[in-house]
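Working notes, beginning with the structure itself.
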Amino acid sequence: MKAYYHARAHEYDDWWLGRGRYTGQARPGFDKELEELGGLIRQLSPVRTLDVGCGTGFLTQHLRGEVVGLDSSETMLELARERVPSVTFVQDDALALPFGDGTFDRVFSTFFYCHLEEAERLLFLSEARRVAPELVVIGSVPGEGDPLERWEERELGDGSRWRVFKRVFVPERLAEELDGRVAHAGEWFVMVVSP
């Protein structure tokens with residue numbers, strides 16, 4: 001997974017922005033919901049936040065307060081530093097967070113949790129709870145007929161092919177899994193805040 005996202009760094013934002021190989025894809029309501037999601041993130045209280053799996057900082061840019069972004073890919077972090085120079089970025093492992101207990105008020109994670117298989121999920125949740133009392137997770141909701149867990153084959157612009165584990169979330173089930181509440185449930189995204 002780390003190698004895939006490192007290789008994908010320079011084309012990662014294409015999915016968010018509907019460009020590159022995503023140009024012309026039918027995504028009814030996507031842009032409007034993405035704008036709404038950004039607003040919801042900006043409404044989170046401005047506390048000390050660790051953004052785990054921050055990638056290029058595409059959603060990190062909406063966080064207020066003292067923010068630290070963590071990703072395993074230095075290439076992703078270079079792009080994030082350009083986008084959000086006010087944030088401190090750290091290259092490290094999300095499953096062994098390099099921070100002391102209670103260092104943060106919130107762990108924020110978007111489209112990272114969806115790539116974790118069960119053992120990794122449990123480890124991440126333990127680490128997230130160790131460093132912060134609040135967890136916010138954002139992911140995708142299933143489209144019609146989508147399996148909730150699957151292995152996807154993805155091709156990057158350079159022609160390389162990658163097998164990627166992916167989960168999509170029924171909002172209420174994700175809230176139950178995280179012992180939290182649904183803060184947003186749309187056609188494209190779910191956001192759960194726990195506790």
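By convention in this document, the chains of the structure tokens carry letters A, B, ... by their order, each chain's residues are numbered from 1, and ligands are numbered from 1 in the order they are shown.
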*Write out as JSON, numbers by chain which residues come within 8 Å of segment 162-164 of chain A when counting only C-alpha atoms, dropping same-chain ones fewer than 2 positions away.*
{"A": [1, 4, 115, 151, 152, 153, 154, 155, 160, 166]}
*Which polymer residues have any atom within 10 Å of an atom of segment 125-137 of chain A, counting only C-alpha atoms, with same-chain residues fewer than 4 positions away left out, as a VMD selection string?*
chain A and resid 41 44 48 to 52 94 to 114 120 to 121 174 to 175 178 to 183 190 to 195
Can you list every residue of segment 49-92 of chain A that has an atom at most 12 Å from segment 22-36 of chain A, with its nearest atom pair and the distance in Å to one decimal, using only C-alpha atoms, ordered by chain then number, as JSON lines?
```
{"residue": "A:Phe58", "atom": "CA", "partner": "A:Leu34", "partner_atom": "CA", "distance": 10.9}
{"residue": "A:Leu59", "atom": "CA", "partner": "A:Leu34", "partner_atom": "CA", "distance": 9.7}
{"residue": "A:His62", "atom": "CA", "partner": "A:Glu35", "partner_atom": "CA", "distance": 10.5}
```
File of the preceding selection, C-alpha atoms, as a PDB file, in the first residue's frame:
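The file below, selection28.pdb, is the result:
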```pdb
ATOM      1  CA  PHE A  58      -6.257  17.810  -0.138  1.00  0.00           C
ATOM      2  CA  LEU A  59      -8.579  17.582   2.872  1.00  0.00           C
ATOM      3  CA  HIS A  62      -9.696  22.452   5.694  1.00  0.00           C
TER       4      HIS A  62
END
```
*Could you name the residues that touch Glu74 of chain A at 8 Å or less, counting only C-alpha atoms, but leaving out those on the same chain fewer than 3 positions away, as a ChimeraX atom specification?*
/A:6,71,77-78,91
Store the residues of this selection in a file with C-alpha atoms, as a PDB file, in the first residue's frame.
```pdb
ATOM      1  CA  HIS A   6       4.078   6.804  -3.209  1.00  0.00           C
ATOM      2  CA  ASP A  71       2.027   9.982   5.745  1.00  0.00           C
ATOM      3  CA  LEU A  77       4.245  15.043   1.879  1.00  0.00           C
ATOM      4  CA  GLU A  78       6.169  17.275  -0.539  1.00  0.00           C
ATOM      5  CA  GLN A  91       6.879  10.906   7.379  1.00  0.00           C
TER       6      GLN A  91
END
```
*Could you check which of A:Glu118, A:Glu177, A:Glu172, A:Glu187 is closest to Glu149 of chain A, using only C-alpha atoms?*
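Looking at the shortest contact to Glu149 of chain A, the residue is A:Glu118.
For the choices A:Ser73, A:Thr60, A:Glu82, A:Gly55, the atom-to-atom distance to Asp13 of chain A is smallest for A:Gly55 when using only C-alpha atoms.
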*Given only C-alpha atoms as the counted atoms, nearest of A:Glu66, A:Glu176, A:Asp14, A:Glu117 to Val87 of chain A*: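 Of all the options, A:Glu66 lies closest to Val87 of chain A.
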Segment 2-186 of chain A: which residues are strand (DSSP E or B) by DSSP, as a short mmCIF file (atom, residue, chain, number, x, y, z; two decimals) with N, CA and C atoms, in the first residue's frame?
```cif
data_model
loop_
_atom_site.label_atom_id
_atom_site.label_comp_id
_atom_site.auth_asym_id
_atom_site.auth_seq_id
_atom_site.Cartn_x
_atom_site.Cartn_y
_atom_site.Cartn_z
N THR A 49 -4.62 18.56 16.09
CA THR A 49 -5.12 17.44 15.28
C THR A 49 -3.98 16.74 14.56
N LEU A 50 -4.01 15.41 14.59
CA LEU A 50 -3.10 14.59 13.80
C LEU A 50 -3.89 14.04 12.62
N ASP A 51 -3.48 14.40 11.41
CA ASP A 51 -4.11 13.89 10.19
C ASP A 51 -3.29 12.70 9.70
N VAL A 52 -3.84 11.51 9.91
CA VAL A 52 -3.12 10.26 9.58
C VAL A 52 -3.46 9.85 8.16
N VAL A 67 -2.14 21.64 13.44
CA VAL A 67 -2.31 20.40 12.68
C VAL A 67 -0.96 19.79 12.35
N VAL A 68 -0.87 18.47 12.54
CA VAL A 68 0.29 17.69 12.11
C VAL A 68 -0.23 16.66 11.12
N GLY A 69 0.35 16.61 9.94
CA GLY A 69 -0.02 15.62 8.94
C GLY A 69 1.01 14.52 8.90
N LEU A 70 0.56 13.28 8.84
CA LEU A 70 1.46 12.13 8.81
C LEU A 70 1.14 11.27 7.60
N ASP A 71 2.18 10.88 6.89
CA ASP A 71 2.03 9.98 5.75
C ASP A 71 3.31 9.18 5.60
N THR A 88 2.55 21.15 10.00
CA THR A 88 3.77 20.37 10.19
C THR A 88 3.53 18.99 9.62
N PHE A 89 4.42 18.51 8.76
CA PHE A 89 4.24 17.19 8.16
C PHE A 89 5.37 16.26 8.58
N VAL A 90 4.99 14.99 8.85
CA VAL A 90 5.91 13.99 9.36
C VAL A 90 5.77 12.73 8.50
N GLN A 91 6.90 12.18 8.09
CA GLN A 91 6.88 10.91 7.38
C GLN A 91 7.09 9.80 8.40
N ARG A 106 -7.37 15.28 18.63
CA ARG A 106 -8.13 14.57 17.60
C ARG A 106 -7.18 13.87 16.63
N VAL A 107 -7.57 12.66 16.23
CA VAL A 107 -6.96 12.00 15.07
C VAL A 107 -8.00 12.09 13.95
N PHE A 108 -7.54 12.55 12.81
CA PHE A 108 -8.38 12.76 11.62
C PHE A 108 -7.81 11.88 10.53
N SER A 109 -8.65 11.10 9.87
CA SER A 109 -8.14 10.20 8.84
C SER A 109 -9.13 10.08 7.70
N THR A 110 -8.66 10.34 6.49
CA THR A 110 -9.50 10.26 5.31
C THR A 110 -8.90 9.28 4.32
N GLU A 134 -10.40 11.82 20.50
CA GLU A 134 -11.40 11.89 19.43
C GLU A 134 -10.81 11.37 18.13
N LEU A 135 -11.66 10.68 17.37
CA LEU A 135 -11.27 10.15 16.06
C LEU A 135 -12.32 10.56 15.04
N VAL A 136 -11.87 11.11 13.91
CA VAL A 136 -12.75 11.43 12.79
C VAL A 136 -12.28 10.62 11.59
N VAL A 137 -13.17 9.85 11.00
CA VAL A 137 -12.84 9.02 9.84
C VAL A 137 -13.77 9.41 8.69
N ILE A 138 -13.18 9.62 7.52
CA ILE A 138 -13.93 9.91 6.30
C ILE A 138 -13.60 8.83 5.28
N GLY A 139 -14.64 8.32 4.61
CA GLY A 139 -14.44 7.32 3.59
C GLY A 139 -15.54 7.40 2.55
N SER A 140 -15.57 6.41 1.68
CA SER A 140 -16.56 6.34 0.61
C SER A 140 -17.73 5.46 1.03
N GLU A 149 -16.14 -4.90 0.92
CA GLU A 149 -14.70 -5.15 0.96
C GLU A 149 -14.30 -5.82 -0.33
N ARG A 150 -13.15 -5.41 -0.86
CA ARG A 150 -12.72 -5.99 -2.13
C ARG A 150 -11.25 -5.69 -2.38
N TRP A 151 -10.67 -6.47 -3.25
CA TRP A 151 -9.35 -6.18 -3.78
C TRP A 151 -9.55 -5.59 -5.17
N GLU A 152 -8.96 -4.43 -5.41
CA GLU A 152 -9.09 -3.76 -6.70
C GLU A 152 -7.75 -3.79 -7.43
N GLU A 153 -7.80 -3.93 -8.74
CA GLU A 153 -6.60 -3.74 -9.54
C GLU A 153 -6.65 -2.33 -10.10
N ARG A 154 -5.61 -1.57 -9.81
CA ARG A 154 -5.56 -0.18 -10.24
C ARG A 154 -4.35 0.04 -11.13
N GLU A 155 -4.55 0.83 -12.16
CA GLU A 155 -3.46 1.16 -13.07
C GLU A 155 -3.15 2.64 -12.94
N ARG A 161 0.65 -1.53 -12.52
CA ARG A 161 -0.61 -2.08 -11.99
C ARG A 161 -0.38 -2.47 -10.53
N TRP A 162 -1.42 -2.20 -9.73
CA TRP A 162 -1.34 -2.43 -8.28
C TRP A 162 -2.62 -3.11 -7.80
N ARG A 163 -2.46 -4.04 -6.87
CA ARG A 163 -3.61 -4.66 -6.20
C ARG A 163 -3.79 -3.98 -4.86
N VAL A 164 -4.99 -3.41 -4.64
CA VAL A 164 -5.24 -2.57 -3.48
C VAL A 164 -6.48 -3.07 -2.74
N PHE A 165 -6.35 -3.26 -1.43
CA PHE A 165 -7.51 -3.62 -0.60
C PHE A 165 -8.32 -2.36 -0.34
N LYS A 166 -9.64 -2.45 -0.47
CA LYS A 166 -10.50 -1.27 -0.33
C LYS A 166 -11.79 -1.66 0.38
N ARG A 167 -12.18 -0.82 1.33
CA ARG A 167 -13.50 -0.94 1.98
C ARG A 167 -14.30 0.31 1.67
N ARG A 181 -20.59 8.60 15.99
CA ARG A 181 -21.84 9.08 15.39
C ARG A 181 -21.57 9.51 13.95
N VAL A 182 -22.58 9.38 13.11
CA VAL A 182 -22.47 9.80 11.72
C VAL A 182 -22.60 11.33 11.67
N ALA A 183 -21.58 12.00 11.18
CA ALA A 183 -21.61 13.46 11.02
C ALA A 183 -22.00 13.85 9.60
N HIS A 184 -21.82 12.92 8.66
CA HIS A 184 -22.22 13.16 7.27
C HIS A 184 -22.42 11.81 6.60
N ALA A 185 -23.52 11.70 5.88
CA ALA A 185 -23.79 10.51 5.07
C ALA A 185 -24.40 10.99 3.76
#
```
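With only C-alpha atoms as the basis for measurement, A:Cys54 is the residue among A:Val47, A:Ala3, A:Cys54, A:Val170 that approaches Leu79 of chain A most closely.
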*Mind the document's chain letters and residue numbers, and return as a PyMOL selection string the residues of segment 92-136 of chain A that DSSP labels alpha helix (DSSP H).*
chain A and resi 118-131
*asked:* Taking only C-alpha atoms into account, name the residue in A:Leu63, A:Ala7, A:Phe169, A:Leu40 that is nearest to Thr75 of chain A.
replied: A:Ala7
